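Shown below: data-v4.txt, with compact mmCIF, C-alpha atoms.
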# COMPACT_ATOMS: atom_id res chain seq x y z
CA MET A 12 -25.70 -43.59 -6.11
CA THR A 13 -24.10 -43.61 -2.68
CA LEU A 14 -20.96 -41.59 -1.97
CA ASN A 15 -18.93 -44.80 -1.74
CA ASP A 16 -20.10 -45.67 -5.26
CA SER A 17 -19.10 -42.30 -6.68
CA PRO A 18 -16.42 -42.37 -9.40
CA PHE A 19 -14.07 -40.36 -7.18
CA VAL A 20 -14.19 -42.69 -4.17
CA ARG A 21 -14.08 -45.79 -6.38
CA ALA A 22 -10.99 -44.50 -8.21
CA CYS A 23 -9.30 -43.76 -4.89
CA ARG A 24 -9.88 -47.39 -3.95
CA GLY A 25 -8.68 -48.77 -7.28
CA GLN A 26 -12.13 -49.96 -8.29
CA GLU A 27 -13.78 -49.89 -11.70
CA VAL A 28 -15.23 -46.49 -12.65
CA PRO A 29 -17.56 -45.26 -15.43
CA HIS A 30 -15.07 -42.48 -16.22
CA THR A 31 -11.91 -41.02 -14.72
CA PRO A 32 -13.02 -38.62 -11.99
CA VAL A 33 -11.61 -35.11 -11.91
CA TRP A 34 -11.30 -32.30 -9.38
CA PHE A 35 -8.78 -29.48 -9.05
CA MET A 36 -6.65 -28.44 -6.13
CA ARG A 37 -7.54 -24.85 -5.20
CA GLN A 38 -10.70 -25.14 -7.29
CA ALA A 39 -12.67 -23.51 -4.46
CA GLY A 40 -12.04 -19.87 -5.32
CA ARG A 41 -8.85 -18.47 -6.82
CA SER A 42 -9.89 -18.19 -10.47
CA LEU A 43 -13.66 -17.70 -10.14
CA PRO A 44 -15.14 -14.20 -10.39
CA GLU A 45 -18.04 -15.25 -8.16
CA TYR A 46 -15.48 -16.18 -5.49
CA HIS A 47 -13.79 -12.79 -5.60
CA LYS A 48 -17.18 -11.07 -5.42
CA ILE A 49 -18.33 -12.94 -2.31
CA ARG A 50 -14.92 -12.53 -0.63
CA GLU A 51 -14.75 -8.78 -1.23
CA GLY A 52 -13.71 -6.99 1.96
CA ILE A 53 -13.42 -10.25 3.96
CA ALA A 54 -10.02 -11.47 5.17
CA MET A 55 -9.00 -15.01 4.21
CA LEU A 56 -8.99 -16.42 7.74
CA ASP A 57 -12.31 -14.76 8.53
CA SER A 58 -13.88 -16.32 5.43
CA CYS A 59 -12.65 -19.76 6.52
CA ARG A 60 -14.41 -19.32 9.88
CA ARG A 61 -17.83 -18.57 8.41
CA PRO A 62 -19.74 -21.76 7.51
CA ASP A 63 -22.10 -19.85 5.22
CA LEU A 64 -19.21 -18.51 3.16
CA VAL A 65 -17.30 -21.80 3.24
CA THR A 66 -20.38 -23.60 1.94
CA GLU A 67 -21.02 -21.19 -0.91
CA ILE A 68 -17.38 -20.98 -2.01
CA THR A 69 -16.95 -24.75 -1.91
CA LEU A 70 -20.06 -25.23 -4.04
CA GLN A 71 -19.14 -22.66 -6.70
CA PRO A 72 -16.73 -24.82 -8.75
CA VAL A 73 -19.04 -27.84 -8.47
CA ARG A 74 -21.85 -25.85 -10.04
CA ARG A 75 -19.65 -24.30 -12.70
CA HIS A 76 -17.27 -27.10 -13.69
CA HIS A 77 -19.28 -30.28 -12.81
CA VAL A 78 -16.25 -31.79 -11.09
CA ASP A 79 -16.56 -35.21 -9.45
CA ALA A 80 -15.66 -33.99 -5.95
CA ALA A 81 -15.80 -30.81 -3.93
CA VAL A 82 -12.89 -29.74 -1.76
CA LEU A 83 -13.49 -27.89 1.47
CA TYR A 84 -12.68 -24.20 1.26
CA SER A 85 -10.12 -23.61 3.99
CA ASP A 86 -6.38 -23.10 4.48
CA ILE A 87 -3.69 -25.32 5.96
CA VAL A 88 -2.96 -22.79 8.73
CA VAL A 89 -6.57 -22.71 9.97
CA PRO A 90 -5.91 -25.29 12.75
CA LEU A 91 -2.80 -23.38 13.85
CA ALA A 92 -4.80 -20.18 14.23
CA ALA A 93 -7.58 -22.10 15.96
CA ALA A 94 -5.05 -23.41 18.49
CA GLY A 95 -3.96 -19.89 19.35
CA VAL A 96 -1.02 -19.22 17.02
CA ASP A 97 -0.87 -15.50 16.21
CA LEU A 98 -0.79 -15.47 12.41
CA ASP A 99 -2.23 -13.73 9.41
CA ILE A 100 -2.64 -14.72 5.77
CA VAL A 101 -1.16 -11.71 4.01
CA PRO A 102 -2.43 -11.17 0.44
CA GLY A 103 0.36 -11.74 -2.05
CA THR A 104 2.62 -13.26 0.61
CA GLY A 105 0.88 -16.10 2.45
CA PRO A 106 0.80 -17.14 6.11
CA VAL A 107 2.94 -14.93 8.37
CA MET A 108 3.60 -15.82 12.04
CA ALA A 109 3.91 -13.08 14.66
CA GLU A 110 6.23 -15.21 16.83
CA PRO A 111 8.10 -18.04 15.06
CA ILE A 112 8.87 -21.26 16.93
CA ARG A 113 12.61 -21.81 17.29
CA THR A 114 13.20 -22.85 20.92
CA GLU A 115 11.72 -25.19 23.52
CA THR A 116 10.11 -22.16 25.18
CA ASP A 117 8.46 -21.29 21.88
CA LEU A 118 7.22 -24.85 21.50
CA ALA A 119 5.59 -24.68 24.92
CA ARG A 120 3.29 -21.98 23.51
CA LEU A 121 1.94 -24.36 20.87
CA ARG A 122 -0.98 -26.10 22.50
CA PRO A 123 -2.65 -29.17 21.00
CA LEU A 124 -5.73 -28.64 18.86
CA THR A 125 -9.04 -29.84 20.32
CA PRO A 126 -12.24 -30.55 18.36
CA PRO A 127 -14.13 -27.58 19.88
CA ASP A 128 -11.42 -25.27 18.50
CA VAL A 129 -12.67 -26.03 14.99
CA ASP A 130 -16.41 -26.32 15.52
CA PHE A 131 -16.86 -23.94 12.58
CA VAL A 132 -15.12 -26.44 10.27
CA ALA A 133 -17.39 -29.29 11.42
CA GLU A 134 -20.44 -27.08 10.86
CA SER A 135 -19.21 -26.18 7.36
CA VAL A 136 -18.75 -29.84 6.49
CA ARG A 137 -22.22 -30.75 7.77
CA LEU A 138 -23.82 -27.97 5.73
CA LEU A 139 -21.91 -29.00 2.62
CA VAL A 140 -22.73 -32.70 2.90
CA GLY A 141 -26.39 -31.73 2.96
CA GLU A 142 -26.02 -29.53 -0.12
CA LEU A 143 -23.76 -31.80 -2.19
CA GLY A 144 -25.93 -34.91 -2.21
CA SER A 145 -24.11 -37.58 -4.23
CA THR A 146 -20.98 -35.45 -4.83
CA PRO A 147 -18.18 -36.36 -2.40
CA LEU A 148 -16.54 -33.72 -0.23
CA ILE A 149 -12.76 -33.81 0.31
CA GLY A 150 -11.37 -32.55 3.59
CA PHE A 151 -7.73 -31.62 4.01
CA ALA A 152 -4.93 -30.55 6.30
CA GLY A 153 -1.32 -29.47 6.08
CA ALA A 154 1.24 -32.16 6.85
CA PRO A 155 3.51 -31.71 9.89
CA PHE A 156 6.61 -30.72 7.87
CA THR A 157 4.87 -28.02 5.86
CA LEU A 158 3.19 -26.57 8.96
CA ALA A 159 6.51 -26.68 10.81
CA SER A 160 8.23 -24.81 7.99
CA TYR A 161 5.77 -21.92 8.30
CA LEU A 162 6.05 -21.88 12.10
CA ILE A 163 9.85 -21.92 12.12
CA GLU A 164 10.50 -19.58 9.18
CA GLY A 165 7.77 -17.18 10.23
CA GLY A 166 6.27 -17.27 6.75
CA PRO A 167 6.89 -18.65 3.25
CA SER A 168 10.48 -19.50 2.34
CA ARG A 169 12.48 -20.45 -0.74
CA THR A 170 15.43 -21.96 1.13
CA TYR A 171 14.01 -23.31 4.43
CA LEU A 172 17.28 -22.40 6.12
CA LYS A 173 15.82 -21.93 9.60
CA THR A 174 13.71 -25.06 9.23
CA LYS A 175 16.67 -27.20 8.22
CA ALA A 176 18.88 -25.59 10.88
CA MET A 177 16.51 -26.91 13.55
CA MET A 178 16.11 -30.25 11.80
CA TYR A 179 19.84 -30.87 11.66
CA GLY A 180 20.96 -28.91 14.71
CA ASP A 181 18.31 -29.80 17.28
CA PRO A 182 16.62 -33.02 16.21
CA GLN A 183 15.06 -33.51 19.64
CA LEU A 184 13.19 -30.19 19.40
CA TRP A 185 12.39 -30.91 15.77
CA HIS A 186 10.75 -34.25 16.48
CA ALA A 187 8.87 -32.80 19.46
CA LEU A 188 7.45 -30.04 17.25
CA LEU A 189 6.45 -32.39 14.44
CA ALA A 190 4.94 -34.90 16.87
CA ARG A 191 2.74 -32.16 18.31
CA LEU A 192 1.74 -31.00 14.84
CA ALA A 193 0.97 -34.57 13.80
CA GLU A 194 -1.48 -34.98 16.68
CA SER A 195 -3.18 -31.66 15.89
CA THR A 196 -3.38 -32.58 12.19
CA LEU A 197 -4.89 -35.94 13.07
CA THR A 198 -7.47 -34.21 15.27
CA PHE A 199 -8.30 -31.71 12.52
CA LEU A 200 -8.84 -34.43 9.91
CA GLN A 201 -10.83 -36.59 12.29
CA VAL A 202 -13.19 -33.68 12.97
CA GLN A 203 -13.80 -33.40 9.23
CA ILE A 204 -14.35 -37.14 8.86
CA ASP A 205 -16.76 -37.24 11.79
CA ALA A 206 -18.72 -34.38 10.19
CA GLY A 207 -19.06 -36.31 6.92
CA VAL A 208 -16.24 -35.78 4.39
CA SER A 209 -15.79 -38.67 1.95
CA ALA A 210 -11.97 -38.42 1.68
CA VAL A 211 -9.09 -36.43 3.12
CA GLN A 212 -5.91 -35.04 1.58
CA LEU A 213 -2.69 -34.42 3.48
CA PHE A 214 -0.79 -31.56 1.84
CA ASP A 215 2.96 -31.76 2.37
CA SER A 216 3.42 -28.89 -0.02
CA TRP A 217 7.08 -28.18 0.67
CA ALA A 218 8.47 -31.69 1.30
CA GLY A 219 10.22 -31.44 -2.07
CA ALA A 220 12.85 -29.28 -0.35
CA LEU A 221 14.24 -32.45 1.26
CA SER A 222 16.46 -35.34 0.22
CA GLU A 223 14.97 -38.81 0.47
CA ALA A 224 17.23 -39.67 3.41
CA ASP A 225 16.16 -36.57 5.34
CA TYR A 226 12.51 -37.12 4.46
CA ARG A 227 12.63 -40.68 5.78
CA GLU A 228 14.40 -39.69 9.01
CA PHE A 229 12.83 -36.36 9.91
CA VAL A 230 9.43 -36.20 8.23
CA MET A 231 7.98 -39.53 7.12
CA PRO A 232 7.37 -40.90 10.66
CA HIS A 233 5.14 -37.94 11.50
CA SER A 234 3.14 -38.03 8.27
CA ALA A 235 2.80 -41.78 8.70
CA ARG A 236 1.45 -41.17 12.22
CA VAL A 237 -1.34 -39.01 10.78
CA LEU A 238 -2.20 -41.46 8.01
CA ALA A 239 -2.08 -44.48 10.33
CA GLY A 240 -4.34 -42.69 12.79
CA LEU A 241 -6.98 -42.48 10.06
CA ALA A 242 -6.58 -46.04 8.79
CA GLY A 243 -9.82 -47.19 10.39
CA ALA A 244 -11.85 -44.12 9.45
CA GLY A 245 -13.28 -45.70 6.31
CA VAL A 246 -12.39 -42.88 3.92
CA PRO A 247 -9.62 -42.71 1.29
CA ARG A 248 -6.45 -40.87 2.34
CA ILE A 249 -4.57 -38.84 -0.29
CA HIS A 250 -1.00 -37.62 0.23
CA PHE A 251 0.40 -34.85 -1.96
CA GLY A 252 3.57 -32.78 -2.19
CA VAL A 253 5.30 -30.56 -4.72
CA GLY A 254 8.68 -31.42 -6.23
CA THR A 255 8.57 -34.87 -4.65
CA GLY A 256 9.69 -37.02 -7.60
CA VAL A 257 12.68 -38.35 -5.64
CA LEU A 258 10.45 -38.97 -2.62
CA LEU A 259 7.61 -40.88 -4.29
CA GLY A 260 8.78 -44.29 -3.09
CA ALA A 261 8.91 -43.07 0.50
CA ILE A 262 5.61 -41.23 0.21
CA GLY A 263 4.05 -44.42 -1.08
CA GLU A 264 5.30 -46.19 2.04
CA ALA A 265 3.90 -43.51 4.36
CA GLY A 266 0.48 -45.10 4.26
CA ALA A 267 -1.90 -43.17 2.00
CA ASP A 268 -4.37 -44.87 -0.33
CA VAL A 269 -3.72 -42.34 -3.10
CA VAL A 270 -0.49 -40.50 -3.89
CA GLY A 271 -0.78 -37.12 -5.55
CA VAL A 272 1.93 -36.52 -8.15
CA ASP A 273 3.02 -33.08 -9.33
CA TRP A 274 3.47 -32.31 -13.03
CA ARG A 275 7.18 -33.16 -13.15
CA THR A 276 6.85 -36.97 -13.03
CA PRO A 277 4.74 -38.92 -15.55
CA LEU A 278 2.09 -40.98 -13.78
CA ASP A 279 3.25 -44.29 -15.26
CA GLN A 280 6.76 -43.67 -13.94
CA ALA A 281 5.33 -42.50 -10.61
CA THR A 282 3.34 -45.72 -10.29
CA LYS A 283 6.53 -47.77 -10.56
CA LEU A 284 8.03 -45.76 -7.70
CA ILE A 285 4.92 -45.65 -5.50
CA GLY A 286 3.99 -49.29 -5.92
CA PRO A 287 1.23 -51.10 -7.78
CA ASP A 288 -1.27 -51.09 -4.91
CA ARG A 289 -1.80 -47.30 -4.69
CA SER A 290 -4.01 -45.10 -6.82
CA VAL A 291 -2.54 -41.89 -8.19
CA GLN A 292 -3.82 -38.35 -8.52
CA GLY A 293 -2.70 -35.72 -11.02
CA ASN A 294 -1.01 -34.34 -12.86
CA LEU A 295 -1.52 -31.78 -15.64
CA ASP A 296 0.83 -28.81 -15.34
CA PRO A 297 -1.35 -25.84 -14.22
CA ALA A 298 0.53 -23.66 -16.71
CA VAL A 299 -0.76 -25.76 -19.62
CA LEU A 300 -4.18 -24.18 -19.07
CA PHE A 301 -2.78 -20.94 -20.50
CA ALA A 302 -1.96 -22.62 -23.82
CA PRO A 303 -4.38 -22.98 -26.78
CA TRP A 304 -7.15 -25.52 -26.26
CA GLU A 305 -5.68 -28.08 -28.64
CA VAL A 306 -2.54 -28.17 -26.46
CA VAL A 307 -4.61 -28.56 -23.29
CA ALA A 308 -6.58 -31.41 -24.86
CA ARG A 309 -3.42 -33.17 -26.06
CA GLU A 310 -1.73 -32.93 -22.67
CA ALA A 311 -4.87 -34.06 -20.83
CA ARG A 312 -5.07 -37.16 -23.04
CA ARG A 313 -1.42 -37.90 -22.29
CA VAL A 314 -2.07 -37.69 -18.54
CA LEU A 315 -5.07 -40.01 -18.90
CA ASP A 316 -2.99 -42.51 -20.87
CA GLU A 317 -0.20 -42.48 -18.28
CA GLY A 318 -2.69 -42.77 -15.41
CA ARG A 319 -3.91 -46.13 -16.73
CA ALA A 320 -0.75 -47.72 -15.31
CA ALA A 321 -2.13 -47.31 -11.77
CA PRO A 322 -5.01 -49.31 -10.25
CA GLY A 323 -6.95 -46.06 -9.92
CA HIS A 324 -6.52 -42.56 -11.32
CA VAL A 325 -8.05 -39.30 -10.14
CA PHE A 326 -7.40 -36.60 -12.73
CA ASN A 327 -6.15 -33.34 -11.27
CA LEU A 328 -3.58 -30.66 -11.87
CA GLY A 329 -0.01 -31.16 -10.72
CA HIS A 330 -0.54 -28.32 -8.21
CA GLY A 331 -3.23 -25.76 -7.52
CA VAL A 332 -5.28 -23.71 -9.98
CA MET A 333 -3.47 -20.46 -10.70
CA PRO A 334 -5.55 -17.33 -9.95
CA GLU A 335 -5.24 -16.05 -13.55
CA THR A 336 -6.67 -19.25 -15.05
CA ASN A 337 -9.68 -18.84 -17.34
CA PRO A 338 -12.48 -20.74 -15.57
CA ASP A 339 -13.97 -21.76 -18.92
CA MET A 340 -10.80 -23.75 -19.61
CA LEU A 341 -11.38 -25.78 -16.45
CA THR A 342 -14.99 -26.47 -17.44
CA ARG A 343 -13.90 -27.68 -20.88
CA LEU A 344 -11.17 -29.82 -19.31
CA VAL A 345 -13.65 -31.62 -17.04
CA GLU A 346 -15.91 -32.35 -20.01
CA LEU A 347 -12.96 -33.66 -22.03
CA VAL A 348 -11.73 -35.95 -19.25
CA HIS A 349 -15.20 -37.39 -18.73
CA ARG A 350 -15.77 -37.94 -22.46
CA VAL A 351 -12.36 -39.38 -23.34
CA SER A 352 -12.20 -41.71 -20.34
CA ALA A 353 -15.79 -43.00 -20.52
CA ARG A 354 -15.76 -46.77 -20.17

Can you turn what I pasted into structure tokens?
Amino acid sequence: MTLNDSPFVRACRGQEVPHTPVWFMRQAGRSLPEYHKIREGIAMLDSCRRPDLVTEITLQPVRRHHVDAAVLYSDIVVPLAAAGVDLDIVPGTGPVMAEPIRTETDLARLRPLTPPDVDFVAESVRLLVGELGSTPLIGFAGAPFTLASYLIEGGPSRTYLKTKAMMYGDPQLWHALLARLAESTLTFLQVQIDAGVSAVQLFDSWAGALSEADYREFVMPHSARVLAGLAGAGVPRIHFGVGTGVLLGAIGEAGADVVGVDWRTPLDQATKLIGPDRSVQGNLDPAVLFAPWEVVAREARRVLDEGRAAPGHVFNLGHGVMPETNPDMLTRLVELVHRVSAR
């Protein structure tokens, strides 16, 4: 079986599949004891820069859960750090910027990413492609809005006040920042594609903080620039955000082949919003995995039923695997999805 004939790639393209493929966001690490063991004493960013560690961590859930695709172990701020942004991923907090970007002078410090900046990512992908054989590898990047929110706020935020203050108050600076981030994101994804990934996912994790009108005016053009830049790359493009139920129509228009849907919107309803020509990905609530198995099985069957409304369905969670998740539950879930959806 070639990678293009894998159930995952075929589902992304809306083609017939032997079973619904499944992978999990944040499956590489987080809940696995073997991940915590190999990461012991190694900072997050440092682990992302070591191809040997990236390879091993990416392979761990494939070995354990028998998922239909691997996802590159990395972080959305890796290209920012590679381009010279002074940042750290603080345990329990997330990415923290030493000098936030809030003025034109600050923006001048943000240089474009070049392929040599992320040679270690290309090397990781090449190693993984050799190890994975017929299992596809998914590359990913943060979308311009989500990266901008970290850069402007200086770290994670619940309100995005500084981000929205720039968006509304200085739209010229805003669009200049997102345009620069879009080009760097495009470069970062192209490096991964050139090294051999079979698909890419654009994470606009925090786009759900926006109204549809603001998304269309201030964000969608820059995400669309990234997706359009990859249109001829020959790999499926997935676009995902959290809390984006009101944005699904616009996200469908942004240009991805697959739209990831969080757990709040049933996949059959999401398909009506996204359009009938896009595959969907999702969308079991990650919290369901803490319920008894019979509840997990019931909810997984519901997601599979709702996913049949789309031309293609990639089973996933509605967001990332929570660190406290029992890995055995994920293994059982993969087996259930494969068995129930077998054609």

Listing only residues of region 168-261 of chain A within 9 Å of region 84-94 of chain A, what is the closest atom pair and its distance in Å (to one decimal) for each, using only C-alpha atoms, sorted by chain and residue number ascending, as a tab-separated table?
residue	atom	partner	partner_atom	distance
A:Leu192	CA	A:Leu91	CA	8.9
A:Ser195	CA	A:Pro90	CA	7.6
A:Thr196	CA	A:Pro90	CA	7.7
A:Phe199	CA	A:Pro90	CA	6.9
A:Phe214	CA	A:Ile87	CA	8.0

Mind writing the picked residues with C-alpha atoms as a CSV table (one decimal), keeping the file's coordinate frame?
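This went into selection_3.csv:
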chain,number,residue,atom,x,y,z
A,192,LEU,CA,1.7,-31.0,14.8
A,195,SER,CA,-3.2,-31.7,15.9
A,196,THR,CA,-3.4,-32.6,12.2
A,199,PHE,CA,-8.3,-31.7,12.5
A,214,PHE,CA,-0.8,-31.6,1.8

For this session: Excluding Ala267 (chain A) and residues on its chain fewer than 2 positions from it, collect all residues at most 8 Å away from it, counting all atoms listed in the file, and give them as a VMD selection string.
Result: chain A and resid 238 247 to 250 262 to 265 269 to 270 289

Exercise. In Å to one decimal, how far is CA of Cys59 (chain A) from CA of Pro106 (chain A)?
Worked result: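 Rounded to one decimal, the two atoms are 13.7 Å apart.
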
Problem set entry | Residue neighbourhood Arg137 (chain A), 10 Å, only C-alpha atoms, exclusion window fewer than 6 positions, as a ChimeraX atom specification | /A:62,66,131,203,205-208

For this session: Tell me, in Å to one decimal, how far CA of Pro303 (chain A) is from CA of Pro72 (chain A).
Result: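 The value is 21.9 Å.
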
For this session: Would you kindly return, as a PyMOL selection string, each protein, DNA or RNA residue with an atom no farther than 8 Å from any atom of Arg113 (chain A), considering only C-alpha atoms and excluding same-chain residues fewer than 4 positions away?
Result: chain A and resi 117-118+163+177

Exercise. Counting all atoms listed in the file, which residues come within 8 Å of (-9.7, -32.9, 4.6), with the point read in the file's coordinates, and could you list them as a ChimeraX atom specification?
Worked result: /A:82-83,149-152,200,203-204,208,210-213

For this session: Would you mind listing what lies within 12 Å of Pro232 (chain A) as a ChimeraX atom specification, with only C-alpha atoms counted and same-chain residues fewer than 5 positions away left out?
Result: /A:154-156,186,189-190,193,225-227,237-239,261-262,264-266

Exercise. If we count only C-alpha atoms, what is near Arg312 (chain A) at a cut-off of 12 Å, once residues fewer than 5 positions away on the same chain are taken out, given as a PyMOL selection string?
Worked result: chain A and resi 31+294-295+305-307+317-319+326+344-345+347-352

Please produce a file of the residues just selected, as a PDB file, in the coordinates of the input, where the atoms kept are C-alpha atoms.
ATOM      1  CA  THR A  31     -11.910 -41.020 -14.720  1.00  0.00           C
ATOM      2  CA  ASN A 294      -1.010 -34.340 -12.860  1.00  0.00           C
ATOM      3  CA  LEU A 295      -1.520 -31.780 -15.640  1.00  0.00           C
ATOM      4  CA  GLU A 305      -5.680 -28.080 -28.640  1.00  0.00           C
ATOM      5  CA  VAL A 306      -2.540 -28.170 -26.460  1.00  0.00           C
ATOM      6  CA  VAL A 307      -4.610 -28.560 -23.290  1.00  0.00           C
ATOM      7  CA  GLU A 317      -0.200 -42.480 -18.280  1.00  0.00           C
ATOM      8  CA  GLY A 318      -2.690 -42.770 -15.410  1.00  0.00           C
ATOM      9  CA  ARG A 319      -3.910 -46.130 -16.730  1.00  0.00           C
ATOM     10  CA  PHE A 326      -7.400 -36.600 -12.730  1.00  0.00           C
ATOM     11  CA  LEU A 344     -11.170 -29.820 -19.310  1.00  0.00           C
ATOM     12  CA  VAL A 345     -13.650 -31.620 -17.040  1.00  0.00           C
ATOM     13  CA  LEU A 347     -12.960 -33.660 -22.030  1.00  0.00           C
ATOM     14  CA  VAL A 348     -11.730 -35.950 -19.250  1.00  0.00           C
ATOM     15  CA  HIS A 349     -15.200 -37.390 -18.730  1.00  0.00           C
ATOM     16  CA  ARG A 350     -15.770 -37.940 -22.460  1.00  0.00           C
ATOM     17  CA  VAL A 351     -12.360 -39.380 -23.340  1.00  0.00           C
ATOM     18  CA  SER A 352     -12.200 -41.710 -20.340  1.00  0.00           C
TER      19      SER A 352
END

Which region 75-115 of chain A residues have any atom within 10 Å of an atom of region 165-169 of chain A, and for each, what is the nearest pair of atoms with distance in Å to one decimal, counting only C-alpha atoms, rows sorted by chain and number, as a tab-separated table?
residue	atom	partner	partner_atom	distance
A:Leu98	CA	A:Gly165	CA	9.0
A:Asp99	CA	A:Gly166	CA	9.6
A:Ile100	CA	A:Gly166	CA	9.3
A:Val101	CA	A:Gly166	CA	9.7
A:Thr104	CA	A:Pro167	CA	7.4
A:Gly105	CA	A:Pro167	CA	6.6
A:Pro106	CA	A:Gly166	CA	5.5
A:Val107	CA	A:Gly166	CA	4.4
A:Met108	CA	A:Gly165	CA	4.7
A:Ala109	CA	A:Gly165	CA	7.2
A:Glu110	CA	A:Gly165	CA	7.1
A:Pro111	CA	A:Gly165	CA	4.9
A:Ile112	CA	A:Gly165	CA	7.9
A:Arg113	CA	A:Gly165	CA	9.7

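Checking A:Leu172, A:Leu328, A:Ala320, A:Ala22 one by one against Lys283 (chain A), counting all atoms listed in the file, you find the shortest gap at A:Ala320.
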
For this session: Name the closest residue to Asp63 (chain A) among the candidates A:Ser42, A:Ser135, A:Thr146, A:Gln26; distances are taken between atoms, counting only C-alpha atoms.
Result: A:Ser135

For this session: Report the distance between CA of Phe19 (chain A) and CA of Ala80 (chain A) in Å, rounded to one decimal place.
Result: 6.7 Å

Exercise. Which is closer to Thr342 (chain A) than all the others in A:Glu228, A:Glu27, A:Asp130, A:Asp79, using only C-alpha atoms?
Worked result: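 Smallest separation from Thr342 (chain A) among the options: A:Asp79.
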